[in-house]
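Everything below belongs to final.txt, which stores compact mmCIF, C-alpha atoms.
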# COMPACT_ATOMS: atom_id res chain seq x y z
CA MET A 1 28.42 6.78 5.60
CA SER A 2 29.24 10.21 4.23
CA ALA A 3 27.97 11.97 1.16
CA ALA A 4 30.25 11.86 -1.87
CA ALA A 5 32.33 14.94 -2.50
CA THR A 6 30.99 17.30 -5.20
CA PRO A 7 32.34 20.45 -6.81
CA ALA A 8 29.72 22.49 -4.98
CA THR A 9 27.90 21.75 -1.76
CA GLY A 10 24.63 19.84 -1.95
CA GLN A 11 22.62 22.95 -1.16
CA ASP A 12 24.30 25.02 -3.90
CA ARG A 13 23.54 22.75 -6.83
CA LEU A 14 20.53 21.01 -8.32
CA TRP A 15 21.02 17.25 -8.23
CA SER A 16 19.42 14.90 -10.72
CA VAL A 17 17.40 11.95 -9.47
CA ASP A 18 19.97 9.53 -10.83
CA GLU A 19 22.91 11.35 -9.24
CA HIS A 20 21.24 11.39 -5.84
CA LEU A 21 20.31 7.71 -6.00
CA GLN A 22 23.77 6.69 -7.20
CA ASP A 23 25.38 8.68 -4.40
CA ILE A 24 23.18 7.00 -1.81
CA LEU A 25 23.65 3.44 -3.05
CA ALA A 26 27.41 3.89 -3.33
CA ALA A 27 27.51 4.50 0.41
CA VAL A 28 25.23 1.63 1.52
CA ARG A 29 26.40 -1.91 2.16
CA PRO A 30 24.55 -5.15 2.91
CA LEU A 31 24.16 -5.95 6.59
CA ASP A 32 26.53 -8.48 8.14
CA PRO A 33 25.24 -12.08 8.07
CA ILE A 34 23.66 -13.63 11.14
CA GLU A 35 22.26 -17.08 11.87
CA LEU A 36 18.49 -17.16 12.25
CA GLN A 37 15.92 -19.83 12.99
CA LEU A 38 13.91 -20.80 9.92
CA LEU A 39 10.77 -18.76 10.53
CA ASP A 40 12.81 -15.71 11.45
CA ALA A 41 14.74 -16.09 8.19
CA LEU A 42 11.62 -15.74 6.02
CA GLY A 43 12.20 -13.07 3.38
CA CYS A 44 15.94 -12.94 4.01
CA VAL A 45 18.77 -13.66 1.58
CA LEU A 46 20.75 -16.87 2.08
CA VAL A 47 24.47 -16.25 2.57
CA ASP A 48 25.89 -19.77 2.03
CA ASP A 49 25.11 -22.65 -0.32
CA VAL A 50 23.08 -25.36 1.41
CA THR A 51 23.66 -28.97 0.39
CA VAL A 52 21.42 -31.92 1.08
CA PRO A 53 22.70 -34.03 4.01
CA VAL A 54 20.18 -36.82 3.52
CA SER A 55 18.23 -37.90 0.46
CA LEU A 56 14.59 -36.91 0.11
CA PRO A 57 12.67 -39.00 0.68
CA PRO A 58 15.15 -40.84 2.91
CA PHE A 59 13.48 -44.21 2.20
CA ASP A 60 11.07 -45.80 -0.26
CA ASN A 61 7.56 -44.93 0.93
CA SER A 62 3.97 -45.26 -0.14
CA SER A 63 2.18 -42.45 -1.96
CA MET A 64 -1.23 -44.05 -1.32
CA ASP A 65 -3.26 -45.74 1.36
CA GLY A 66 -3.46 -49.38 0.25
CA TYR A 67 -1.55 -52.66 0.32
CA ALA A 68 2.16 -53.32 -0.16
CA VAL A 69 2.53 -56.33 -2.46
CA ARG A 70 4.91 -58.36 -4.60
CA VAL A 71 4.39 -57.72 -8.33
CA ALA A 72 4.22 -61.42 -9.19
CA ASP A 73 1.34 -61.96 -6.76
CA VAL A 74 -0.95 -59.45 -8.53
CA ALA A 75 0.24 -59.93 -12.11
CA GLY A 76 -3.07 -61.36 -13.34
CA ALA A 77 -5.44 -59.59 -10.97
CA SER A 78 -8.81 -58.38 -12.28
CA GLU A 79 -12.29 -57.74 -10.91
CA GLU A 80 -13.41 -61.08 -12.37
CA PHE A 81 -10.35 -62.96 -11.12
CA PRO A 82 -8.97 -61.06 -8.11
CA ALA A 83 -5.69 -61.98 -6.50
CA VAL A 84 -6.32 -63.19 -2.96
CA LEU A 85 -3.52 -62.33 -0.53
CA THR A 86 -2.96 -62.88 3.18
CA VAL A 87 -2.76 -59.62 5.17
CA ILE A 88 0.13 -59.85 7.64
CA GLY A 89 -0.32 -56.53 9.42
CA ASP A 90 -0.22 -52.75 9.18
CA VAL A 91 2.61 -50.40 8.21
CA ALA A 92 1.88 -46.90 9.44
CA ALA A 93 3.81 -43.69 8.78
CA GLY A 94 6.75 -43.54 11.17
CA ALA A 95 6.69 -47.31 11.69
CA ALA A 96 9.82 -49.13 12.83
CA GLY A 97 10.60 -52.87 12.84
CA LEU A 98 8.94 -53.45 9.50
CA LEU A 99 7.08 -56.53 8.41
CA ARG A 100 8.49 -58.61 5.56
CA VAL A 101 6.13 -59.37 2.67
CA GLY A 102 6.57 -62.89 1.33
CA PRO A 103 4.92 -64.78 -1.52
CA GLY A 104 1.09 -64.56 -1.40
CA GLN A 105 1.20 -61.88 1.30
CA ALA A 106 0.32 -58.19 1.57
CA ALA A 107 0.78 -55.55 4.26
CA ARG A 108 -1.80 -52.82 4.75
CA ILE A 109 0.14 -49.58 4.29
CA MET A 110 -0.58 -45.90 4.88
CA THR A 111 0.54 -42.87 2.87
CA GLY A 112 4.11 -41.92 3.78
CA ALA A 113 4.86 -45.24 5.46
CA PRO A 114 8.10 -47.02 4.49
CA LEU A 115 7.76 -49.80 1.93
CA PRO A 116 8.34 -53.08 3.84
CA PRO A 117 11.05 -55.51 2.74
CA GLY A 118 9.87 -57.91 0.05
CA ALA A 119 7.21 -55.55 -1.30
CA GLU A 120 7.71 -54.03 -4.75
CA ALA A 121 4.57 -51.94 -5.28
CA VAL A 122 1.52 -50.49 -3.56
CA VAL A 123 -2.03 -51.29 -4.62
CA PRO A 124 -4.44 -48.44 -3.70
CA VAL A 125 -7.18 -49.53 -1.32
CA GLU A 126 -9.75 -48.49 -3.97
CA TRP A 127 -8.43 -51.36 -6.15
CA THR A 128 -9.30 -53.92 -3.46
CA ASP A 129 -12.21 -55.17 -1.38
CA GLY A 130 -10.54 -53.76 1.74
CA GLY A 131 -10.61 -57.24 3.27
CA LEU A 132 -14.42 -57.22 3.43
CA GLY A 133 -15.00 -59.91 0.81
CA GLY A 134 -17.12 -57.74 -1.51
CA GLY A 135 -16.44 -55.38 -4.39
CA PRO A 136 -14.05 -52.42 -4.50
CA VAL A 137 -14.13 -50.11 -1.46
CA SER A 138 -13.59 -46.36 -1.24
CA GLY A 139 -11.33 -46.36 1.79
CA MET A 140 -10.16 -48.01 5.00
CA ARG A 141 -11.97 -48.04 8.28
CA ALA A 142 -10.10 -46.51 11.20
CA ARG A 143 -7.87 -49.04 12.93
CA SER A 144 -9.38 -48.17 16.31
CA LEU A 145 -12.84 -49.09 14.99
CA ALA A 146 -11.84 -52.18 13.01
CA PRO A 147 -8.50 -53.64 14.14
CA GLU A 148 -9.29 -56.85 12.30
CA GLY A 149 -8.58 -55.04 9.00
CA ALA A 150 -4.88 -55.61 9.60
CA SER A 151 -5.30 -59.39 9.21
CA GLY A 152 -7.29 -61.91 7.16
CA GLN A 153 -7.38 -61.77 3.39
CA VAL A 154 -7.67 -59.05 0.79
CA ARG A 155 -8.85 -59.37 -2.81
CA VAL A 156 -6.92 -57.26 -5.32
CA HIS A 157 -8.84 -56.32 -8.47
CA ARG A 158 -6.04 -54.71 -10.52
CA LEU A 159 -2.42 -55.48 -11.27
CA ALA A 160 0.41 -53.14 -10.22
CA GLY A 161 3.82 -52.83 -11.84
CA ALA A 162 7.13 -52.53 -10.02
CA GLY A 163 7.38 -49.22 -8.16
CA ALA A 164 3.71 -48.37 -8.60
CA HIS A 165 2.58 -45.78 -6.02
CA VAL A 166 5.98 -45.83 -4.38
CA ARG A 167 8.02 -42.67 -3.78
CA ALA A 168 11.57 -43.90 -4.30
CA LYS A 169 14.40 -42.90 -1.96
CA GLY A 170 16.12 -39.78 -3.30
CA SER A 171 13.48 -39.17 -5.99
CA ASP A 172 13.18 -35.55 -4.77
CA VAL A 173 16.84 -34.72 -4.08
CA GLN A 174 19.90 -36.86 -3.50
CA ALA A 175 22.29 -36.49 -0.57
CA GLY A 176 25.14 -34.16 -1.53
CA GLU A 177 23.16 -32.20 -4.10
CA LEU A 178 22.74 -28.42 -3.88
CA ALA A 179 19.51 -27.63 -2.09
CA LEU A 180 19.64 -23.82 -2.20
CA ALA A 181 22.29 -21.50 -3.62
CA ALA A 182 23.69 -18.49 -1.81
CA GLY A 183 21.68 -15.42 -2.76
CA THR A 184 18.35 -17.24 -2.65
CA VAL A 185 15.51 -15.25 -1.11
CA LEU A 186 13.85 -17.50 1.44
CA GLY A 187 10.12 -17.80 0.85
CA PRO A 188 7.74 -20.44 2.25
CA PRO A 189 8.81 -23.17 -0.25
CA GLN A 190 12.48 -22.62 0.55
CA ILE A 191 11.77 -22.70 4.29
CA ALA A 192 9.93 -25.98 3.73
CA LEU A 193 12.92 -27.48 1.91
CA LEU A 194 15.33 -26.42 4.64
CA ALA A 195 13.13 -28.00 7.27
CA ALA A 196 12.74 -31.16 5.18
CA ILE A 197 16.51 -31.66 5.02
CA GLY A 198 16.88 -31.09 8.74
CA ARG A 199 18.16 -27.50 8.83
CA GLY A 200 16.68 -25.59 11.76
CA ALA A 201 18.73 -22.42 11.23
CA VAL A 202 20.61 -20.74 8.38
CA ARG A 203 23.00 -17.83 7.84
CA VAL A 204 21.27 -14.92 6.13
CA ARG A 205 21.45 -11.19 5.60
CA PRO A 206 18.96 -9.94 8.19
CA ARG A 207 16.08 -7.64 7.42
CA PRO A 208 17.18 -4.10 8.28
CA ARG A 209 15.52 -2.31 11.19
CA VAL A 210 14.09 0.92 9.82
CA VAL A 211 12.93 3.66 12.20
CA VAL A 212 10.49 6.14 10.68
CA LEU A 213 9.57 9.42 12.32
CA SER A 214 7.60 12.38 11.05
CA THR A 215 8.01 15.97 12.16
CA GLY A 216 5.55 18.80 12.53
CA SER A 217 3.77 20.51 15.43
CA GLU A 218 0.55 20.35 13.42
CA LEU A 219 0.49 16.53 13.39
CA VAL A 220 -1.97 14.57 15.51
CA GLN A 221 -2.23 10.81 15.92
CA PRO A 222 -5.26 9.05 14.38
CA ASP A 223 -8.21 8.61 16.77
CA GLU A 224 -7.37 11.87 18.56
CA GLU A 225 -9.40 15.08 18.31
CA LEU A 226 -8.24 17.66 15.78
CA ALA A 227 -7.84 21.24 16.95
CA ASP A 228 -7.75 24.22 14.62
CA GLY A 229 -4.74 24.08 12.32
CA GLN A 230 -4.01 20.40 12.99
CA ILE A 231 -3.97 17.41 10.64
CA TYR A 232 -3.55 13.69 11.19
CA ASP A 233 -0.10 12.17 10.80
CA SER A 234 -0.24 9.89 7.77
CA ASN A 235 3.39 9.95 6.65
CA SER A 236 4.81 7.87 9.48
CA PHE A 237 2.16 5.20 8.89
CA ALA A 238 2.68 5.22 5.11
CA LEU A 239 6.45 5.01 5.27
CA THR A 240 6.58 2.39 8.03
CA ALA A 241 4.17 0.27 5.98
CA ALA A 242 6.32 0.88 2.89
CA ALA A 243 9.45 -0.17 4.81
CA ARG A 244 7.79 -3.43 5.84
CA ASP A 245 6.53 -3.97 2.31
CA ALA A 246 10.13 -3.59 1.09
CA GLY A 247 11.22 -6.36 3.46
CA ALA A 248 12.42 -4.38 6.48
CA ILE A 249 11.43 -4.50 10.12
CA GLY A 250 9.69 -1.14 10.38
CA TYR A 251 9.38 0.85 13.60
CA ARG A 252 7.12 3.89 13.68
CA VAL A 253 7.79 6.80 16.02
CA GLY A 254 5.01 9.25 16.85
CA ALA A 255 5.15 12.70 15.29
CA VAL A 256 7.78 15.01 16.78
CA ALA A 257 7.07 18.71 17.28
CA ASP A 258 9.02 21.42 15.46
CA ASP A 259 11.64 21.75 18.15
CA ALA A 260 15.26 20.98 17.37
CA ASP A 261 16.19 19.77 20.84
CA THR A 262 13.20 17.43 21.05
CA LEU A 263 13.87 16.05 17.59
CA ARG A 264 17.57 15.61 18.32
CA SER A 265 16.84 13.76 21.55
CA THR A 266 14.28 11.51 19.84
CA ILE A 267 16.67 10.60 17.04
CA GLU A 268 19.48 9.82 19.48
CA ASP A 269 17.14 7.60 21.52
CA GLN A 270 16.04 5.68 18.42
CA LEU A 271 19.53 4.97 17.07
CA VAL A 272 19.91 1.96 19.33
CA ARG A 273 17.34 0.00 17.31
CA ALA A 274 18.00 1.43 13.84
CA ASP A 275 19.97 0.12 10.89
CA LEU A 276 18.40 2.93 8.88
CA MET A 277 16.67 6.14 9.93
CA VAL A 278 13.99 7.84 7.81
CA THR A 279 12.53 11.23 8.67
CA THR A 280 9.77 13.08 6.88
CA GLY A 281 9.15 16.81 6.98
CA GLY A 282 11.25 19.78 7.96
CA VAL A 283 13.75 19.68 5.08
CA SER A 284 12.64 22.72 3.09
CA VAL A 285 13.53 26.40 3.60
CA GLY A 286 10.89 27.54 6.09
CA ALA A 287 11.61 29.15 9.45
CA TYR A 288 10.20 26.10 11.24
CA ASP A 289 11.98 23.42 9.21
CA VAL A 290 14.10 22.25 12.14
CA VAL A 291 15.25 18.90 10.75
CA LYS A 292 18.33 20.44 9.17
CA GLU A 293 19.33 22.05 12.46
CA ALA A 294 18.76 18.90 14.49
CA LEU A 295 20.40 16.47 12.07
CA THR A 296 23.43 18.68 11.54
CA ALA A 297 24.08 18.59 15.29
CA VAL A 298 23.47 14.85 15.65
CA GLY A 299 25.63 14.04 12.63
CA ASP A 300 28.51 16.40 13.33
CA PRO A 301 31.59 14.84 11.67
CA ASP A 302 33.75 16.19 14.50
CA GLU A 303 31.76 13.96 16.86
CA GLY A 304 32.17 10.88 14.65
CA GLY A 305 28.66 11.13 13.29
CA GLY A 306 29.36 11.16 9.57
CA GLY A 307 27.24 14.18 8.57
CA VAL A 308 23.96 14.80 6.77
CA GLU A 309 23.76 16.79 3.56
CA PHE A 310 20.61 18.52 2.38
CA ARG A 311 20.02 18.82 -1.33
CA LYS A 312 17.67 20.12 -3.96
CA LEU A 313 16.72 17.61 -6.65
CA ALA A 314 15.50 18.23 -10.18
CA MET A 315 12.28 16.31 -9.56
CA GLN A 316 8.63 16.89 -8.79
CA PRO A 317 7.38 16.07 -6.24
CA GLY A 318 10.27 15.72 -3.79
CA LYS A 319 12.69 18.55 -4.53
CA PRO A 320 14.17 18.87 -0.97
CA GLN A 321 16.06 15.78 0.25
CA GLY A 322 18.57 14.96 2.95
CA PHE A 323 21.10 12.14 3.00
CA GLY A 324 24.00 11.08 5.20
CA SER A 325 24.74 9.24 8.41
CA ILE A 326 24.39 9.94 12.11
CA GLY A 327 25.68 8.69 15.42
CA PRO A 328 28.79 6.73 16.39
CA ALA A 329 27.72 3.73 14.27
CA HIS A 330 27.31 5.95 11.19
CA THR A 331 23.67 4.90 10.85
CA PRO A 332 22.39 5.81 7.37
CA LEU A 333 19.67 8.46 7.35
CA LEU A 334 17.41 9.71 4.61
CA ALA A 335 15.42 12.89 5.28
CA LEU A 336 12.36 13.13 3.05
CA PRO A 337 10.00 16.04 2.42
CA GLY A 338 6.80 16.34 4.43
CA ASN A 339 4.08 16.50 1.79
CA PRO A 340 2.46 13.02 1.71
CA VAL A 341 2.93 12.32 -1.99
CA SER A 342 6.44 13.78 -1.96
CA SER A 343 7.48 11.58 0.95
CA TYR A 344 5.98 8.42 -0.56
CA VAL A 345 7.48 8.98 -4.03
CA SER A 346 10.83 9.75 -2.41
CA PHE A 347 10.61 6.54 -0.39
CA GLU A 348 9.95 4.45 -3.49
CA LEU A 349 12.80 6.04 -5.43
CA PHE A 350 15.45 6.25 -2.72
CA VAL A 351 14.63 4.44 0.53
CA ARG A 352 13.30 1.18 -0.91
CA PRO A 353 16.53 0.56 -2.89
CA VAL A 354 18.55 1.23 0.27
CA ILE A 355 16.54 -1.31 2.27
CA ARG A 356 16.89 -3.97 -0.37
CA THR A 357 20.60 -3.27 -0.80
CA MET A 358 21.08 -3.72 2.95
CA MET A 359 19.26 -7.07 2.65
CA GLY A 360 21.76 -8.22 0.03
CA LEU A 361 19.19 -8.42 -2.75
CA GLU A 362 20.26 -8.04 -6.37
CA ASP A 363 16.98 -6.54 -7.59
CA VAL A 364 16.58 -3.41 -5.48
CA HIS A 365 14.28 -1.29 -7.64
CA ARG A 366 10.60 -1.42 -8.47
CA PRO A 367 9.98 -2.93 -11.92
CA ARG A 368 9.58 -0.51 -14.81
CA THR A 369 7.82 -0.87 -18.13
CA ARG A 370 6.56 1.17 -21.07
CA ALA A 371 2.88 2.00 -21.42
CA VAL A 372 0.57 4.02 -23.65
CA LEU A 373 -0.82 7.11 -21.94
CA GLN A 374 -4.59 7.22 -21.75
CA ALA A 375 -5.74 10.73 -20.85
CA ASP A 376 -8.33 13.32 -21.85
CA LYS A 377 -5.69 16.00 -22.34
CA SER A 378 -1.93 16.36 -22.52
CA LEU A 379 0.13 16.18 -19.35
CA THR A 380 2.28 19.17 -18.47
CA SER A 381 5.57 19.07 -16.62
CA PRO A 382 8.01 21.78 -15.47
CA ALA A 383 11.11 22.17 -17.63
CA GLY A 384 14.25 20.66 -16.14
CA ARG A 385 12.38 18.52 -13.61
CA ARG A 386 11.68 14.80 -13.75
CA GLN A 387 8.05 14.48 -12.80
CA PHE A 388 6.41 11.46 -11.20
CA LEU A 389 2.64 11.41 -11.63
CA ARG A 390 0.31 8.90 -10.04
CA GLY A 391 -1.40 6.49 -12.41
CA ARG A 392 -3.21 3.21 -12.84
CA TYR A 393 -1.61 0.61 -15.09
CA ALA A 394 -3.48 -2.11 -16.99
CA ASP A 395 -2.79 -4.13 -20.14
CA GLY A 396 -0.01 -1.90 -21.45
CA THR A 397 -1.78 1.38 -20.77
CA VAL A 398 -1.57 3.88 -17.93
CA THR A 399 -4.16 6.45 -16.83
CA PRO A 400 -3.32 9.45 -14.62
CA VAL A 401 -4.97 9.54 -11.20
CA GLY A 402 -5.52 12.93 -9.57
CA GLY A 403 -3.46 16.03 -10.24
CA ALA A 404 0.17 16.96 -9.69
CA GLY A 405 -0.35 18.32 -6.16
CA SER A 406 1.94 16.75 -3.57
CA HIS A 407 -0.81 16.71 -0.93
CA LEU A 408 -3.33 14.52 -2.81
CA ILE A 409 -3.40 11.40 -0.61
CA ALA A 410 -6.75 10.17 -1.92
CA ALA A 411 -5.40 10.06 -5.48
CA LEU A 412 -2.26 8.30 -4.25
CA ALA A 413 -4.42 5.59 -2.66
CA GLN A 414 -5.95 4.86 -6.08
CA ALA A 415 -2.63 4.60 -7.91
CA ASP A 416 -0.57 1.48 -8.59
CA ALA A 417 2.07 3.11 -10.76
CA LEU A 418 4.13 6.25 -11.26
CA ILE A 419 4.19 7.92 -14.67
CA VAL A 420 7.67 9.25 -15.39
CA VAL A 421 7.96 12.48 -17.40
CA PRO A 422 11.63 13.17 -18.29
CA GLU A 423 13.35 16.46 -17.49
CA ASP A 424 13.36 17.64 -21.13
CA ASP A 425 9.63 17.06 -21.71
CA THR A 426 7.22 19.82 -20.77
CA PHE A 427 4.14 17.99 -22.01
CA VAL A 428 3.05 14.47 -22.99
CA GLU A 429 0.22 13.91 -25.44
CA PRO A 430 -2.44 11.19 -25.02
CA GLY A 431 -1.39 8.07 -26.90
CA ALA A 432 2.30 8.66 -26.30
CA GLU A 433 4.45 5.90 -24.85
CA VAL A 434 5.73 6.69 -21.36
CA GLU A 435 7.90 5.02 -18.75
CA VAL A 436 6.00 3.59 -15.79
CA VAL A 437 7.21 2.52 -12.35
CA LEU A 438 5.01 -0.33 -11.13
CA LEU A 439 4.19 -0.03 -7.42
CA GLY A 440 2.07 -3.14 -6.88

Kindly return the structure encoded in the file as structure tokens.
Amino acid sequence: MSAAATPATGQDRLWSVDEHLQDILAAVRPLDPIELQLLDALGCVLVDDVTVPVSLPPFDNSSMDGYAVRVADVAGASEEFPAVLTVIGDVAAGAAGLLRVGPGQAARIMTGAPLPPGAEAVVPVEWTDGGLGGGPVSGMRARSLAPEGASGQVRVHRLAGAGAHVRAKGSDVQAGELALAAGTVLGPPQIALLAAIGRGAVRVRPRPRVVVLSTGSELVQPDEELADGQIYDSNSFALTAAARDAGAIGYRVGAVADDADTLRSTIEDQLVRADLMVTTGGVSVGAYDVVKEALTAVGDPDEGGGGVEFRKLAMQPGKPQGFGSIGPAHTPLLALPGNPVSSYVSFELFVRPVIRTMMGLEDVHRPRTRAVLQADKSLTSPAGRRQFLRGRYADGTVTPVGGAGSHLIAALAQADALIVVPEDDTFVEPGAEVEVVLLG
């Protein structure tokens, strides 16, 4: 993957959000299909149409615990004048070598058991005396405790029409029908259907493997002691969680110090398990922003690596961005800024659509809507920048959460939406209608 050619280099021009996103998505393709076992295919996109090889259900079966009967034998049944039938045995779920129900006979049948030949309907056990000679019963006694229930006589207190409490063969789907169309996202119900029709594996677009690493010598892992000048690494946790939330298999790498050789070596080691690389930090203009140096070496086009381009975007937060590919397999890489809010907003706008494109999904973006701004004062925004403010959305309204600072993690944790302020707007008054990106 290589960045699209532009009249000026990425570092010499100010890219719009839409231009950057379009450039990225134009270079990303869905992953090649693979065959996966059903549970491993959860959340993946089906590649081929799946047809039904055998009807569901594959045979007429009972939807109730009760008695399989002939309609004529219970036509006049009532509590005052019950129909008395001879019980010829049990039909349990999974039974083979079925009994045949003849005139004046009934077979005790369990839910899911095949309807025996000769029977036309099922009478629920609650409509009978259960073979006990009294009034209606509430259920059957366990066969191990009362084997005699499978013989003798049963009194039926209600009539049953043809097909009553019987799940007919093919009443769910018929053999040869389309079970699932290509492009279907496989959730639990779809997995259930595939299993029900006997499919143990399917061809899907796999979930991409996304490796996330953060950079910065000041970063310390949670549960460790902080020294002066250190902070805990939150970005790698946030973005790995976001990658998994988007549908990917997310791998988190511990924070890498501000050393180009160490970062380069770490990236090269991680390429073996990455369909997509995401870095955070080190993409600005400081003397210790070593990501540019490291990624330029790893992605040298002369070495078949594709190249990584660093850009400035007309957005806030998230102005510095990097995009390209690295390594012999041209693994896509997105380099995000290091401030927590900047990195998360950048992930939602750019990385999430890449992940979902690689999965073969049609809907790759977060949903958007319009909402009325509820605020105590007008919102301000820098001219020429598209601003994304944290907010809480409810019932067609959105309320800002926290300020515009790109370090405000606590405010981010309270937000479920992003308020979009266009590039040409420098302020938004309370009561105005705004665009909202829904995060939840």

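Closest approach to Asp425 in chain A among A:Gly396, A:Gln174, A:Phe237, A:Gly384 is made by A:Gly384 (distances from only C-alpha atoms).
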
Query raised in the report: CA of Met315 in chain A and CA of Phe350 in chain A are how many Å apart?
Result: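 Interatomic distance, CA of Met315 in chain A to CA of Phe350 in chain A: 12.6 Å.
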
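Straight-line separation from CA of Ala257 in chain A to CA of Val212 in chain A: 14.6 Å.
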
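Coordinates place CA of Leu438 in chain A at a distance of 26.1 Å from CA of Pro332 in chain A.
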
**Report entry** Polymer residues at most 10 Å from Gly76 in chain A, all atoms listed in the file, same-chain spacing of 6 or more positions, as a list in words
**Finding:**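 The contact residues come out as Pro82, Ala83, Val156, His157, Arg158, Leu159 and Ala160 of chain A.
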
Query raised in the report: Counting only C-alpha atoms, what is within 10 Å of range 355-357 of chain A, bar same-chain residues fewer than 6 positions away, as a list in words?
Result: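 What passes the distance filter is Leu25, Val28, Arg29, Pro30, Leu31, Arg207, Pro208, Arg209, Val210, Ala243, Arg244, Ala246, Gly247, Ala248, Ile249, Asp275, Leu276, Asp363, Val364 and His365 of chain A.
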
Exercise: range 47-61 of chain A partners within 7 Å, all atoms listed in the file, chain neighbours under 4 positions left out, as a PDB file with C-alpha atoms, in the frame of the given file:
ATOM      1  CA  PRO A  33      25.240 -12.080   8.070  1.00  0.00           C
ATOM      2  CA  GLY A 112       4.110 -41.920   3.780  1.00  0.00           C
ATOM      3  CA  ALA A 113       4.860 -45.240   5.460  1.00  0.00           C
ATOM      4  CA  PRO A 114       8.100 -47.020   4.490  1.00  0.00           C
ATOM      5  CA  LEU A 115       7.760 -49.800   1.930  1.00  0.00           C
ATOM      6  CA  VAL A 166       5.980 -45.830  -4.380  1.00  0.00           C
ATOM      7  CA  ARG A 167       8.020 -42.670  -3.780  1.00  0.00           C
ATOM      8  CA  ALA A 168      11.570 -43.900  -4.300  1.00  0.00           C
ATOM      9  CA  LYS A 169      14.400 -42.900  -1.960  1.00  0.00           C
ATOM     10  CA  GLY A 170      16.120 -39.780  -3.300  1.00  0.00           C
ATOM     11  CA  SER A 171      13.480 -39.170  -5.990  1.00  0.00           C
ATOM     12  CA  ASP A 172      13.180 -35.550  -4.770  1.00  0.00           C
ATOM     13  CA  VAL A 173      16.840 -34.720  -4.080  1.00  0.00           C
ATOM     14  CA  GLN A 174      19.900 -36.860  -3.500  1.00  0.00           C
ATOM     15  CA  ALA A 175      22.290 -36.490  -0.570  1.00  0.00           C
ATOM     16  CA  GLY A 176      25.140 -34.160  -1.530  1.00  0.00           C
ATOM     17  CA  GLU A 177      23.160 -32.200  -4.100  1.00  0.00           C
ATOM     18  CA  LEU A 178      22.740 -28.420  -3.880  1.00  0.00           C
ATOM     19  CA  ALA A 179      19.510 -27.630  -2.090  1.00  0.00           C
ATOM     20  CA  LEU A 180      19.640 -23.820  -2.200  1.00  0.00           C
ATOM     21  CA  ALA A 181      22.290 -21.500  -3.620  1.00  0.00           C
ATOM     22  CA  ALA A 182      23.690 -18.490  -1.810  1.00  0.00           C
ATOM     23  CA  GLY A 183      21.680 -15.420  -2.760  1.00  0.00           C
ATOM     24  CA  ILE A 197      16.510 -31.660   5.020  1.00  0.00           C
ATOM     25  CA  ARG A 203      23.000 -17.830   7.840  1.00  0.00           C
ATOM     26  CA  VAL A 204      21.270 -14.920   6.130  1.00  0.00           C
ATOM     27  CA  ARG A 205      21.450 -11.190   5.600  1.00  0.00           C
TER      28      ARG A 205
END

Report task. May I have the protein, DNA and RNA residues with an atom at most 10 Å from (-8.8, -58.8, 2.4), counting only C-alpha atoms in the file's coordinates, returned as a PyMOL selection string? Result -> chain A and resi 67+83-87+106+108+128-134+149-156

Query raised in the report: With distances taken over only C-alpha atoms, which of A:Glu433, A:Ile419, A:Arg199, A:Ala383 is nearest to Leu39 in chain A?
Result: A:Arg199

Query raised in the report: If we count all atoms listed in the file, what is near Thr266 in chain A at a cut-off of 12 Å, once residues fewer than 5 positions away on the same chain are taken out, given as number ranges by chain?
Result: A: 211-215, 253-257, 259-261, 271-272, 277, 279, 291, 294-295, 298

**Report entry** Residue nearest Gly187 in chain A - candidates A:Glu79, A:Asp40, A:Gly322, A:Tyr251, atoms counted: all atoms listed in the file
**Finding:**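 So, comparing all the options, the nearest one is A:Asp40.
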
Report task. Choose the residue, out of A:Val436, A:Ala329, A:Val45, A:Leu313, that has the smallest atom-to-atom separation from Ser346 in chain A; count all atoms listed in the file. Result -> A:Leu313
